[in-house]
Every structure is written in structure tokens, then in C-alpha cells.
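Next up, my_file-v7.pdb (PDB, C-alpha atoms):
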MODEL        1
ATOM      1  CA  MET A 841       0.000   0.000   0.000
ATOM      2  CA  THR A 842       1.265   3.446  -0.935
ATOM      3  CA  LYS A 843      -0.240   6.682   0.289
ATOM      4  CA  ALA A 844      -0.108   9.785  -1.879
ATOM      5  CA  VAL A 845      -0.864  13.235  -0.495
ATOM      6  CA  VAL A 846      -1.791  15.742  -3.169
ATOM      7  CA  ASN A 847      -1.964  19.458  -2.411
ATOM      8  CA  VAL A 848      -3.748  21.663  -4.928
ATOM      9  CA  PHE A 849      -3.455  25.448  -4.782
ATOM     10  CA  LEU A 850      -4.302  28.335  -7.082
ATOM     11  CA  LYS A 851      -1.200  29.403  -8.999
ATOM     12  CA  GLU A 852       0.912  32.285  -7.768
ATOM     13  CA  GLY A 853      -0.481  35.367  -9.450
ATOM     14  CA  VAL A 854      -4.018  33.956  -9.604
ATOM     15  CA  LEU A 855      -6.030  35.784  -6.950
ATOM     16  CA  ASP A 856      -7.243  33.417  -4.221
ATOM     17  CA  PRO A 857     -10.504  34.970  -2.935
ATOM     18  CA  GLN A 858     -10.819  32.534  -0.006
ATOM     19  CA  GLY A 859      -7.238  33.135   1.098
ATOM     20  CA  LYS A 860      -7.817  36.876   0.866
ATOM     21  CA  ALA A 861     -10.988  36.677   2.987
ATOM     22  CA  ALA A 862      -9.208  34.591   5.651
ATOM     23  CA  HIS A 863      -6.303  37.058   5.582
ATOM     24  CA  HIS A 864      -8.695  39.961   6.263
ATOM     25  CA  ALA A 865     -10.301  37.999   9.094
ATOM     26  CA  LEU A 866      -6.906  37.291  10.676
ATOM     27  CA  ASP A 867      -6.008  40.979  10.393
ATOM     28  CA  SER A 868      -9.217  42.031  12.093
ATOM     29  CA  LEU A 869      -8.634  39.489  14.886
ATOM     30  CA  GLY A 870      -5.371  41.235  15.633
ATOM     31  CA  PHE A 871      -2.938  38.706  14.170
ATOM     32  CA  ASP A 872      -0.341  41.183  12.942
ATOM     33  CA  GLY A 873       2.319  40.359  10.440
ATOM     34  CA  VAL A 874       0.385  37.944   8.225
ATOM     35  CA  ALA A 875       1.971  38.476   4.818
ATOM     36  CA  ASP A 876      -0.209  36.160   2.752
ATOM     37  CA  VAL A 877      -2.807  33.403   3.116
ATOM     38  CA  ARG A 878      -3.497  30.796   0.452
ATOM     39  CA  ILE A 879      -6.259  28.213   0.771
ATOM     40  CA  GLY A 880      -6.127  25.035  -1.228
ATOM     41  CA  LYS A 881      -7.231  21.450  -0.898
ATOM     42  CA  GLN A 882      -5.561  18.237   0.148
ATOM     43  CA  ILE A 883      -6.439  14.955  -1.531
ATOM     44  CA  ILE A 884      -5.252  11.699   0.049
ATOM     45  CA  ILE A 885      -5.069   8.683  -2.233
ATOM     46  CA  LYS A 886      -4.264   5.123  -1.214
ATOM     47  CA  LEU A 887      -2.908   2.903  -3.947
ATOM     48  CA  ASP A 888      -2.639  -0.892  -3.932
ATOM     49  CA  THR A 889       0.908  -0.882  -5.240
ATOM     50  CA  ASP A 890       4.175  -0.821  -3.231
ATOM     51  CA  ASP A 891       6.054   0.580  -6.218
ATOM     52  CA  LYS A 892       6.469   4.197  -5.151
ATOM     53  CA  ALA A 893       7.815   5.434  -8.491
ATOM     54  CA  ALA A 894       4.892   3.884 -10.365
ATOM     55  CA  ALA A 895       2.492   5.325  -7.789
ATOM     56  CA  GLU A 896       3.929   8.795  -8.227
ATOM     57  CA  ALA A 897       3.678   8.603 -12.007
ATOM     58  CA  GLU A 898       0.082   7.473 -11.772
ATOM     59  CA  VAL A 899      -0.907  10.176  -9.286
ATOM     60  CA  LYS A 900       0.743  12.784 -11.511
ATOM     61  CA  GLU A 901      -1.463  11.632 -14.365
ATOM     62  CA  MET A 902      -4.506  11.821 -12.062
ATOM     63  CA  CYS A 903      -3.586  15.417 -11.213
ATOM     64  CA  GLU A 904      -3.092  16.444 -14.820
ATOM     65  CA  THR A 905      -6.328  14.762 -15.908
ATOM     66  CA  LEU A 906      -8.758  15.475 -13.110
ATOM     67  CA  LEU A 907      -7.516  16.534  -9.681
ATOM     68  CA  ALA A 908      -6.089  19.926 -10.682
ATOM     69  CA  ASN A 909      -7.147  22.390 -13.349
ATOM     70  CA  THR A 910      -3.702  23.418 -14.550
ATOM     71  CA  VAL A 911      -5.102  26.565 -16.161
ATOM     72  CA  ILE A 912      -5.431  28.052 -12.673
ATOM     73  CA  GLU A 913      -3.955  25.523 -10.223
ATOM     74  CA  ASP A 914      -0.584  24.032  -9.246
ATOM     75  CA  TYR A 915      -0.221  20.774  -7.363
ATOM     76  CA  THR A 916       2.378  18.929  -5.296
ATOM     77  CA  ILE A 917       2.586  15.183  -4.699
ATOM     78  CA  GLU A 918       4.022  13.561  -1.590
ATOM     79  CA  ILE A 919       4.452   9.780  -1.634
ATOM     80  CA  ASN A 920       4.546   7.978   1.740
TER      81      ASN A 920
ATOM     82  CA  MET B 561     -33.937  23.652 -35.555
ATOM     83  CA  LYS B 562     -33.336  20.611 -33.349
ATOM     84  CA  VAL B 563     -31.594  21.216 -30.033
ATOM     85  CA  ALA B 564     -30.065  18.581 -27.749
ATOM     86  CA  VAL B 565     -30.152  19.644 -24.073
ATOM     87  CA  LEU B 566     -27.777  17.692 -21.838
ATOM     88  CA  ARG B 567     -28.711  16.511 -18.377
ATOM     89  CA  PHE B 568     -26.281  15.449 -15.621
ATOM     90  CA  PRO B 569     -27.080  14.519 -12.038
ATOM     91  CA  GLY B 570     -27.492  17.987 -10.498
ATOM     92  CA  THR B 571     -28.458  19.867 -13.664
ATOM     93  CA  ASN B 572     -31.403  22.170 -12.895
ATOM     94  CA  CYS B 573     -31.872  24.447 -15.909
ATOM     95  CA  GLU B 574     -32.683  21.775 -18.493
ATOM     96  CA  PHE B 575     -36.457  22.403 -18.501
ATOM     97  CA  ASP B 576     -36.058  26.200 -18.700
ATOM     98  CA  THR B 577     -33.703  25.674 -21.627
ATOM     99  CA  GLN B 578     -36.161  23.346 -23.368
ATOM    100  CA  TYR B 579     -38.992  25.823 -22.716
ATOM    101  CA  ALA B 580     -36.931  28.652 -24.217
ATOM    102  CA  PHE B 581     -36.097  26.879 -27.469
ATOM    103  CA  GLU B 582     -39.602  25.410 -27.800
ATOM    104  CA  LYS B 583     -41.106  28.874 -27.289
ATOM    105  CA  LEU B 584     -38.990  29.968 -30.256
ATOM    106  CA  GLY B 585     -40.500  27.141 -32.300
ATOM    107  CA  HIS B 586     -37.725  24.557 -32.123
ATOM    108  CA  ILE B 587     -37.632  20.868 -31.276
ATOM    109  CA  THR B 588     -35.654  19.865 -28.190
ATOM    110  CA  GLU B 589     -34.494  16.567 -26.815
ATOM    111  CA  LEU B 590     -33.092  15.888 -23.347
ATOM    112  CA  VAL B 591     -29.931  13.778 -23.400
ATOM    113  CA  TRP B 592     -28.900  11.904 -20.249
ATOM    114  CA  HIS B 593     -25.198  12.059 -19.323
ATOM    115  CA  GLU B 594     -24.737   8.292 -19.709
ATOM    116  CA  ASN B 595     -25.622   8.397 -23.415
ATOM    117  CA  GLU B 596     -22.606   7.767 -25.568
ATOM    118  CA  THR B 597     -24.131   9.416 -28.617
ATOM    119  CA  LEU B 598     -26.069  12.555 -29.430
ATOM    120  CA  PRO B 599     -29.420  12.474 -31.276
ATOM    121  CA  VAL B 600     -29.085  12.553 -35.068
ATOM    122  CA  ASP B 601     -29.779  15.678 -37.138
ATOM    123  CA  ILE B 602     -29.246  18.153 -34.318
ATOM    124  CA  ASP B 603     -28.301  21.770 -35.027
ATOM    125  CA  LEU B 604     -27.140  22.701 -31.541
ATOM    126  CA  VAL B 605     -26.074  21.130 -28.244
ATOM    127  CA  VAL B 606     -26.843  23.104 -25.079
ATOM    128  CA  VAL B 607     -25.053  22.300 -21.825
ATOM    129  CA  PRO B 608     -27.459  23.909 -19.347
ATOM    130  CA  GLY B 609     -26.934  25.350 -15.882
ATOM    131  CA  GLY B 610     -27.079  23.661 -12.511
ATOM    132  CA  PHE B 611     -24.700  21.934 -10.151
ATOM    133  CA  SER B 612     -23.566  18.831 -12.030
ATOM    134  CA  TYR B 613     -22.177  16.241  -9.602
ATOM    135  CA  GLY B 614     -22.717  18.717  -6.764
ATOM    136  CA  ASP B 615     -19.868  20.917  -8.062
ATOM    137  CA  TYR B 616     -17.571  18.446  -6.267
ATOM    138  CA  LEU B 617     -13.811  18.943  -6.756
ATOM    139  CA  ARG B 618     -14.407  21.928  -9.104
ATOM    140  CA  SER B 619     -17.527  23.070 -10.936
ATOM    141  CA  GLY B 620     -17.837  20.999 -14.100
ATOM    142  CA  SER B 621     -14.749  18.879 -13.455
ATOM    143  CA  ILE B 622     -16.558  15.546 -13.074
ATOM    144  CA  ALA B 623     -19.285  16.133 -15.684
ATOM    145  CA  ARG B 624     -16.583  16.784 -18.230
ATOM    146  CA  PHE B 625     -15.657  13.066 -18.191
ATOM    147  CA  SER B 626     -19.196  11.688 -18.566
ATOM    148  CA  PRO B 627     -19.912   9.517 -21.645
ATOM    149  CA  VAL B 628     -22.058  12.153 -23.352
ATOM    150  CA  MET B 629     -19.242  14.711 -23.158
ATOM    151  CA  LYS B 630     -17.035  12.496 -25.315
ATOM    152  CA  ALA B 631     -19.734  12.712 -27.978
ATOM    153  CA  VAL B 632     -20.009  16.491 -27.476
ATOM    154  CA  ILE B 633     -16.241  16.943 -27.869
ATOM    155  CA  THR B 634     -16.304  14.968 -31.132
ATOM    156  CA  TYR B 635     -19.353  16.937 -32.293
ATOM    157  CA  ALA B 636     -17.639  20.251 -31.514
ATOM    158  CA  ASN B 637     -14.367  19.220 -33.117
ATOM    159  CA  ASN B 638     -16.331  18.454 -36.303
ATOM    160  CA  GLY B 639     -17.734  21.985 -36.307
ATOM    161  CA  GLY B 640     -21.023  21.345 -34.470
ATOM    162  CA  LYS B 641     -22.427  24.265 -32.471
ATOM    163  CA  VAL B 642     -22.342  24.009 -28.682
ATOM    164  CA  LEU B 643     -23.644  26.506 -26.124
ATOM    165  CA  GLY B 644     -22.757  26.266 -22.424
ATOM    166  CA  ILE B 645     -24.781  28.317 -19.956
ATOM    167  CA  CYS B 646     -23.471  28.860 -16.391
ATOM    168  CA  ASN B 647     -22.483  25.359 -15.176
ATOM    169  CA  GLY B 648     -22.433  24.460 -18.892
ATOM    170  CA  PHE B 649     -19.773  27.156 -19.421
ATOM    171  CA  GLN B 650     -17.766  25.692 -16.530
ATOM    172  CA  ILE B 651     -18.045  22.184 -18.027
ATOM    173  CA  LEU B 652     -16.892  23.400 -21.459
ATOM    174  CA  THR B 653     -13.815  25.141 -20.000
ATOM    175  CA  GLU B 654     -12.980  22.017 -17.957
ATOM    176  CA  ALA B 655     -13.367  19.956 -21.144
ATOM    177  CA  GLY B 656     -10.900  22.229 -22.927
ATOM    178  CA  LEU B 657     -13.512  23.226 -25.532
ATOM    179  CA  LEU B 658     -13.291  26.830 -24.325
ATOM    180  CA  PRO B 659     -10.195  28.713 -23.107
ATOM    181  CA  GLY B 660      -9.710  29.894 -19.514
ATOM    182  CA  ALA B 661     -11.288  28.739 -16.270
ATOM    183  CA  LEU B 662     -13.990  29.851 -13.820
ATOM    184  CA  LYS B 663     -12.994  30.500 -10.207
ATOM    185  CA  ARG B 664     -14.935  31.334  -7.052
ATOM    186  CA  ASN B 665     -16.456  34.861  -7.164
ATOM    187  CA  ASN B 666     -14.125  37.454  -5.663
ATOM    188  CA  ASP B 667     -16.465  38.229  -2.754
ATOM    189  CA  LEU B 668     -17.191  34.491  -2.234
ATOM    190  CA  HIS B 669     -20.955  35.146  -2.507
ATOM    191  CA  PHE B 670     -23.465  33.354  -4.668
ATOM    192  CA  ILE B 671     -24.681  36.238  -6.853
ATOM    193  CA  SER B 672     -28.264  36.028  -8.126
ATOM    194  CA  LYS B 673     -29.702  39.133  -9.830
ATOM    195  CA  HIS B 674     -30.496  40.815 -13.134
ATOM    196  CA  GLN B 675     -27.303  42.144 -14.692
ATOM    197  CA  ASN B 676     -26.551  44.396 -17.662
ATOM    198  CA  LEU B 677     -24.237  42.908 -20.270
ATOM    199  CA  CYS B 678     -22.501  44.699 -23.110
ATOM    200  CA  VAL B 679     -22.238  42.871 -26.455
ATOM    201  CA  ILE B 680     -18.544  42.922 -27.391
ATOM    202  CA  ASN B 681     -18.536  40.807 -30.564
ATOM    203  CA  ASN B 682     -21.537  39.771 -32.633
ATOM    204  CA  ASP B 683     -19.856  38.373 -35.715
ATOM    205  CA  ASN B 684     -20.637  34.793 -34.731
ATOM    206  CA  ALA B 685     -23.400  32.166 -34.794
ATOM    207  CA  PHE B 686     -24.650  33.152 -31.326
ATOM    208  CA  LEU B 687     -24.959  36.942 -30.971
ATOM    209  CA  ASN B 688     -25.608  37.876 -34.605
ATOM    210  CA  LYS B 689     -29.124  39.176 -33.748
ATOM    211  CA  CYS B 690     -27.606  41.593 -31.184
ATOM    212  CA  LYS B 691     -25.731  44.792 -31.959
ATOM    213  CA  LYS B 692     -22.140  45.455 -30.970
ATOM    214  CA  GLY B 693     -22.162  47.719 -27.895
ATOM    215  CA  GLU B 694     -25.807  46.895 -27.174
ATOM    216  CA  VAL B 695     -26.702  46.466 -23.488
ATOM    217  CA  LEU B 696     -28.724  43.370 -22.596
ATOM    218  CA  ASN B 697     -30.467  42.708 -19.285
ATOM    219  CA  ILE B 698     -29.984  39.038 -18.360
ATOM    220  CA  PRO B 699     -30.141  37.239 -14.982
ATOM    221  CA  ILE B 700     -26.977  35.814 -13.443
ATOM    222  CA  ALA B 701     -26.899  33.160 -10.690
ATOM    223  CA  HIS B 702     -23.512  31.730  -9.818
ATOM    224  CA  ALA B 703     -20.808  31.275  -7.181
ATOM    225  CA  ASP B 704     -17.999  30.290  -9.561
ATOM    226  CA  GLY B 705     -18.237  32.845 -12.347
ATOM    227  CA  ASN B 706     -14.909  34.599 -11.937
ATOM    228  CA  TYR B 707     -13.403  34.111 -15.399
ATOM    229  CA  TYR B 708      -9.629  33.721 -15.458
ATOM    230  CA  ILE B 709      -7.276  33.559 -18.402
ATOM    231  CA  ASP B 710      -3.553  34.367 -18.538
ATOM    232  CA  ASN B 711      -2.230  37.404 -20.435
ATOM    233  CA  GLU B 712      -1.242  35.434 -23.499
ATOM    234  CA  GLY B 713      -4.640  33.753 -23.676
ATOM    235  CA  PHE B 714      -6.392  37.075 -23.178
ATOM    236  CA  LYS B 715      -4.514  38.629 -26.104
ATOM    237  CA  LYS B 716      -5.647  35.772 -28.333
ATOM    238  CA  LEU B 717      -9.264  36.238 -27.226
ATOM    239  CA  GLU B 718      -9.128  39.921 -28.106
ATOM    240  CA  GLU B 719      -7.324  39.514 -31.417
ATOM    241  CA  ASN B 720      -9.686  36.799 -32.581
ATOM    242  CA  ALA B 721     -12.893  38.546 -31.381
ATOM    243  CA  GLN B 722     -13.702  35.696 -28.992
ATOM    244  CA  ILE B 723     -14.951  37.891 -26.149
ATOM    245  CA  LEU B 724     -18.747  37.773 -26.456
ATOM    246  CA  LEU B 725     -20.049  39.726 -23.471
ATOM    247  CA  ARG B 726     -18.876  41.846 -20.546
ATOM    248  CA  TYR B 727     -20.712  42.704 -17.322
ATOM    249  CA  SER B 728     -21.571  46.397 -17.684
ATOM    250  CA  ASP B 729     -23.634  49.300 -16.424
ATOM    251  CA  GLU B 730     -26.670  50.564 -18.368
ATOM    252  CA  ASN B 731     -24.345  52.545 -20.661
ATOM    253  CA  GLY B 732     -22.230  49.550 -21.589
ATOM    254  CA  GLU B 733     -19.259  50.501 -19.407
ATOM    255  CA  PRO B 734     -17.625  47.445 -17.793
ATOM    256  CA  VAL B 735     -18.389  46.847 -14.106
ATOM    257  CA  VAL B 736     -16.843  44.435 -11.612
ATOM    258  CA  VAL B 737     -19.415  41.774 -10.712
ATOM    259  CA  ASN B 738     -17.429  38.685  -9.718
ATOM    260  CA  GLY B 739     -13.782  39.522 -10.427
ATOM    261  CA  SER B 740     -13.658  38.211 -14.020
ATOM    262  CA  VAL B 741     -10.670  39.313 -16.119
ATOM    263  CA  THR B 742     -11.813  42.585 -17.785
ATOM    264  CA  SER B 743     -15.384  41.771 -16.660
ATOM    265  CA  ILE B 744     -15.754  38.960 -19.212
ATOM    266  CA  ALA B 745     -19.153  37.215 -19.001
ATOM    267  CA  GLY B 746     -18.908  34.986 -22.084
ATOM    268  CA  VAL B 747     -16.403  33.739 -24.670
ATOM    269  CA  SER B 748     -16.226  31.546 -27.754
ATOM    270  CA  ASN B 749     -13.574  29.141 -28.983
ATOM    271  CA  GLU B 750     -11.234  30.137 -31.784
ATOM    272  CA  ALA B 751     -13.326  28.403 -34.469
ATOM    273  CA  LYS B 752     -16.454  30.194 -33.144
ATOM    274  CA  ASN B 753     -18.684  27.150 -32.922
ATOM    275  CA  VAL B 754     -18.465  26.704 -29.129
ATOM    276  CA  PHE B 755     -19.913  29.401 -26.865
ATOM    277  CA  GLY B 756     -20.027  29.807 -23.106
ATOM    278  CA  LEU B 757     -21.502  32.417 -20.802
ATOM    279  CA  MET B 758     -22.351  32.680 -17.103
ATOM    280  CA  PRO B 759     -25.625  34.654 -17.532
ATOM    281  CA  HIS B 760     -28.899  32.822 -18.252
ATOM    282  CA  PRO B 761     -30.569  33.962 -21.513
ATOM    283  CA  GLU B 762     -33.210  31.216 -21.088
ATOM    284  CA  ARG B 763     -34.456  33.106 -18.012
ATOM    285  CA  ALA B 764     -35.040  36.345 -19.950
ATOM    286  CA  LEU B 765     -37.921  35.548 -22.296
ATOM    287  CA  GLU B 766     -40.811  37.632 -20.909
ATOM    288  CA  ALA B 767     -40.952  41.413 -20.425
ATOM    289  CA  LEU B 768     -43.400  40.713 -17.593
ATOM    290  CA  LEU B 769     -40.650  38.867 -15.739
ATOM    291  CA  GLY B 770     -38.078  41.619 -16.152
ATOM    292  CA  SER B 771     -36.524  41.122 -19.588
ATOM    293  CA  GLU B 772     -36.986  39.479 -22.955
ATOM    294  CA  ASP B 773     -33.443  40.153 -24.153
ATOM    295  CA  GLY B 774     -32.645  36.434 -23.992
ATOM    296  CA  ILE B 775     -34.847  35.812 -27.038
ATOM    297  CA  ARG B 776     -32.547  37.803 -29.346
ATOM    298  CA  MET B 777     -29.554  35.908 -28.032
ATOM    299  CA  LEU B 778     -30.974  32.403 -28.495
ATOM    300  CA  LYS B 779     -32.499  33.292 -31.883
ATOM    301  CA  GLY B 780     -28.976  33.857 -33.173
ATOM    302  CA  PHE B 781     -28.592  30.130 -33.662
ATOM    303  CA  GLU B 782     -31.456  30.126 -36.168
ATOM    304  CA  ALA B 783     -29.371  31.964 -38.756
TER     305      ALA B 783
ENDMDL
END
Would you mind writing the file out in C-alpha cells?
Amino acid sequence: MTKAVVNVFLKEGVLDPQGKAAHHALDSLGFDGVADVRIGKQIIIKLDTDDKAAAEAEVKEMCETLLANTVIEDYTIEIN
Amino acid sequence: MKVAVLRFPGTNCEFDTQYAFEKLGHITELVWHENETLPVDIDLVVVPGGFSYGDYLRSGSIARFSPVMKAVITYANNGGKVLGICNGFQILTEAGLLPGALKRNNDLHFISKHQNLCVINNDNAFLNKCKKGEVLNIPIAHADGNYYIDNEGFKKLEENAQILLRYSDENGEPVVVNGSVTSIAGVSNEAKNVFGLMPHPERALEALLGSEDGIRMLKGFEA
């Protein structure tokens, strides 16, 4: 069993409205010094294989096909 | 004219869309998402509004892989006309049939109201019954209508007259509604046979209900 953790975030330079709203909220709660807030999503995938390289290649394809919209989003893959 | 209206789990504008085209004297046929083919002899495919697959993951991202969408992509690539309204627009961008992407509205609100739109380009199979610079009053109802495209993509849209509509005031001046790049409300593909817009022309058919400007838009496909 291999576990893949995928993080999907809006690209740098693409305005993240949710991150911006949370940033404003933190400011108004008195948390000074917050430079930036980005909100994304985490997708955890368990794969039957023990071949970590194969798992990573397959998860990359999943990201490119479905899990991220690469027009506006970047993703990272962590294989455990 | 014969119009195929797609239906996914979560679609909710399919009957309004049928009503609109039937009111204009056309034949419509609902097509379930599991169908692998489209009806024969159709003149237009409409991907209507709603919340296909609950908007899970991203609006339109799951619907885009349904069996019927494979048929729609083939149909579009062969020059067939396709119109995506609201969630339909999101599905068509996810499918790569239209450029750009639709993000969460800047203020994070679901916006539901009548909105003025300025016609930017009418030299196409959709808006040919509208005048360039004309202001149309059409309802909008969306949470993910914030159109994004990178600078290079935007230049192409402008050069090729692919920007169809912008959110505007009553004089046609652009206004910020949801954060869309240059207030874009609708675009076409490069070949100008695939069209997408966030506003709902099928909800603007009766002056009594606020506007009949949607008629002129949908009638464009008759030409």
C-alpha cells in the first residue's frame, strides 16, 4: 500500500478569494504580520501498489487529468 | 432547428432551456449524461446550468468526463455548435472546448440578480441578432463565475474577437461583478462554434418577468 498526499493550490499570481478573505479575518482578529494566506485542498489517495515510483507517475497523471485544473492551479505530490 | 439539451445529475436548468427553445419554435431533446451518442440531425447542443455532480472537486470537473461529453467533444471538433450556460460554461472550460477557467467569485458570494451585459462581438453564430455595444439585461446566478485567463490567452481572445459579453452598467461601461478578467461574461472558442456564458438567456424571455433580451440571443442560432 502506498499513500499519496496531493496538495492543490491556485497558482501564484491567480487571486485566491478565499485566502484573501481569511487574511482579512486574521487581520481584524489582531494577528499582525500575516503576509499572505493561500487556501487550497488536500487529496489523500491510497494505492494498492508498493512501487512508489509507479504510484507517483500514476498520481501525476490523475492530477493532470482530473484533480487539478492546470489553467489556474498548481499541485504537489508527496508519496509515503 | 433541433436542439439537444444535456442533463447530468445535479443539472437544474434543463427544462427552462427546453422551454426557451420550444417557445422559439424549435424541437428539443433531453440527453442523459450516460448516453454515448447525441441524437441525429441536431443543429445545436446546449449544456445547461445547474450543479452537475454537486460541483464536487471543481464546478464541471466531473461532468466533463461523462460519456455524453465524449460525444459532445467529437461533435464540436467536427464543427457542431455548442452553447454552455453557467455550469455548462464551466463544463466546457474544464473539457478544454473553451479557453480559460472559472474560479470562485471574488467576494465568495453566490450572486443572483439581473445584470446588464454589453455585447462585445456579434460576428458569430450566437450573438448575430444583437448589436455590438448593445446592453442586454440578463439574470446571473452563480458562485464560480470569476473568469480567469492568462495574459497570453487574453490577447488571443481579443485579437480573434472571442470575447462575447462583458458585465456592464446601463451605458455599456464594464463593471466588476465577480472579479472576471476585464469583466468577461462569455467567450467563444477560436473556431467560433463553441460558446459559453455565465448569464442565463433562457431566463429572460418575458418582459413581464423583467426582460426578454434572452430571445434575441438564443435566436442567433437560427441563422
Checklist entry - Mind telling me what the ChimeraX specification (/B :<10) & /A catches here, as number ranges by chain? => result A: 850, 853-858, 860-861, 881, 883, 905-912
Box in all listed atoms of segment 877-890 of chain A, axis-aligned, with 6 Å more on each side; write out centre and edge lengths in Å to one decimal as AutoDock Vina command-line options.
--center_x -1.5 --center_y 16.3 --center_z -1.1 --size_x 23.4 --size_y 46.3 --size_z 20.4
Checklist outcome for this item: Using all atoms listed in the file, the shortest atom-to-atom distance to Gly620 of chain B among B:Phe568, B:Phe714, B:Trp592, B:Phe670 belongs to B:Phe568
Checklist entry - If we count only C-alpha atoms, what is near Gly774 of chain B at a cut-off of 7 Å, once residues fewer than 4 positions away on the same chain are taken out, given as JSON, numbers by chain? => result {"B": [698, 761, 762, 764, 765, 778]}
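Taking all atoms listed in the file into account, the protein, DNA and RNA residues within 7 Å of (-23.4, 17.1, -25.4) read Leu566, Leu598, Val605, Val606, Val607, Val628, Met629, Ala631 and Val632 of chain B.
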Next on the checklist: Would you compute the distance between atom CA of Glu918 of chain A and atom CA of Val848 of chain A? Give it in Å to one decimal.
Outcome noted: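 A separation of 11.7 Å between them.
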Item to check | Å distance separating atom CA of Phe849 of chain A from atom CA of Glu898 of chain A, one decimal place | outcome: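 Separating atom CA of Phe849 of chain A from atom CA of Glu898 of chain A is a distance of 19.6 Å.
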Next on the checklist: Which residues are close to Lys673 of chain B, i.e. within 12 Å by only C-alpha atoms, leaving aside same-chain residues fewer than 3 positions away? Reply as a PyMOL selection string.
Outcome noted: chain B and resi 670+676+697-702+737+759-760+763-764+770
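The smallest atom-to-atom distance between Gly644 of chain B and any of B:Cys690, B:Leu717, B:Ala751, B:Leu604, using all atoms listed in the file, is found for B:Leu604.
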Identify, on the basis of only C-alpha atoms, every residue whose closest approach to Gly609 of chain B does not exceed 7 Å; exclude the query and any residue fewer than 6 positions from it along the same chain; express the result as an mmCIF file with C-alpha atoms, in the frame of the given file.
data_model
loop_
_atom_site.group_PDB
_atom_site.id
_atom_site.type_symbol
_atom_site.label_atom_id
_atom_site.label_comp_id
_atom_site.auth_asym_id
_atom_site.auth_seq_id
_atom_site.Cartn_x
_atom_site.Cartn_y
_atom_site.Cartn_z
ATOM 1 C CA THR B 571 -28.458 19.867 -13.664
ATOM 2 C CA ASN B 572 -31.403 22.170 -12.895
ATOM 3 C CA CYS B 573 -31.872 24.447 -15.909
ATOM 4 C CA ILE B 645 -24.781 28.317 -19.956
ATOM 5 C CA CYS B 646 -23.471 28.860 -16.391
ATOM 6 C CA ASN B 647 -22.483 25.359 -15.176
ATOM 7 C CA GLY B 648 -22.433 24.460 -18.892
#
Next on the checklist: Taking only C-alpha atoms into account, name the residue in A:Arg878, A:His863, A:Lys886, A:Lys900 that is nearest to Thr916 of chain A.
Outcome noted: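 For Thr916 of chain A, the nearest of the given residues is A:Lys900.
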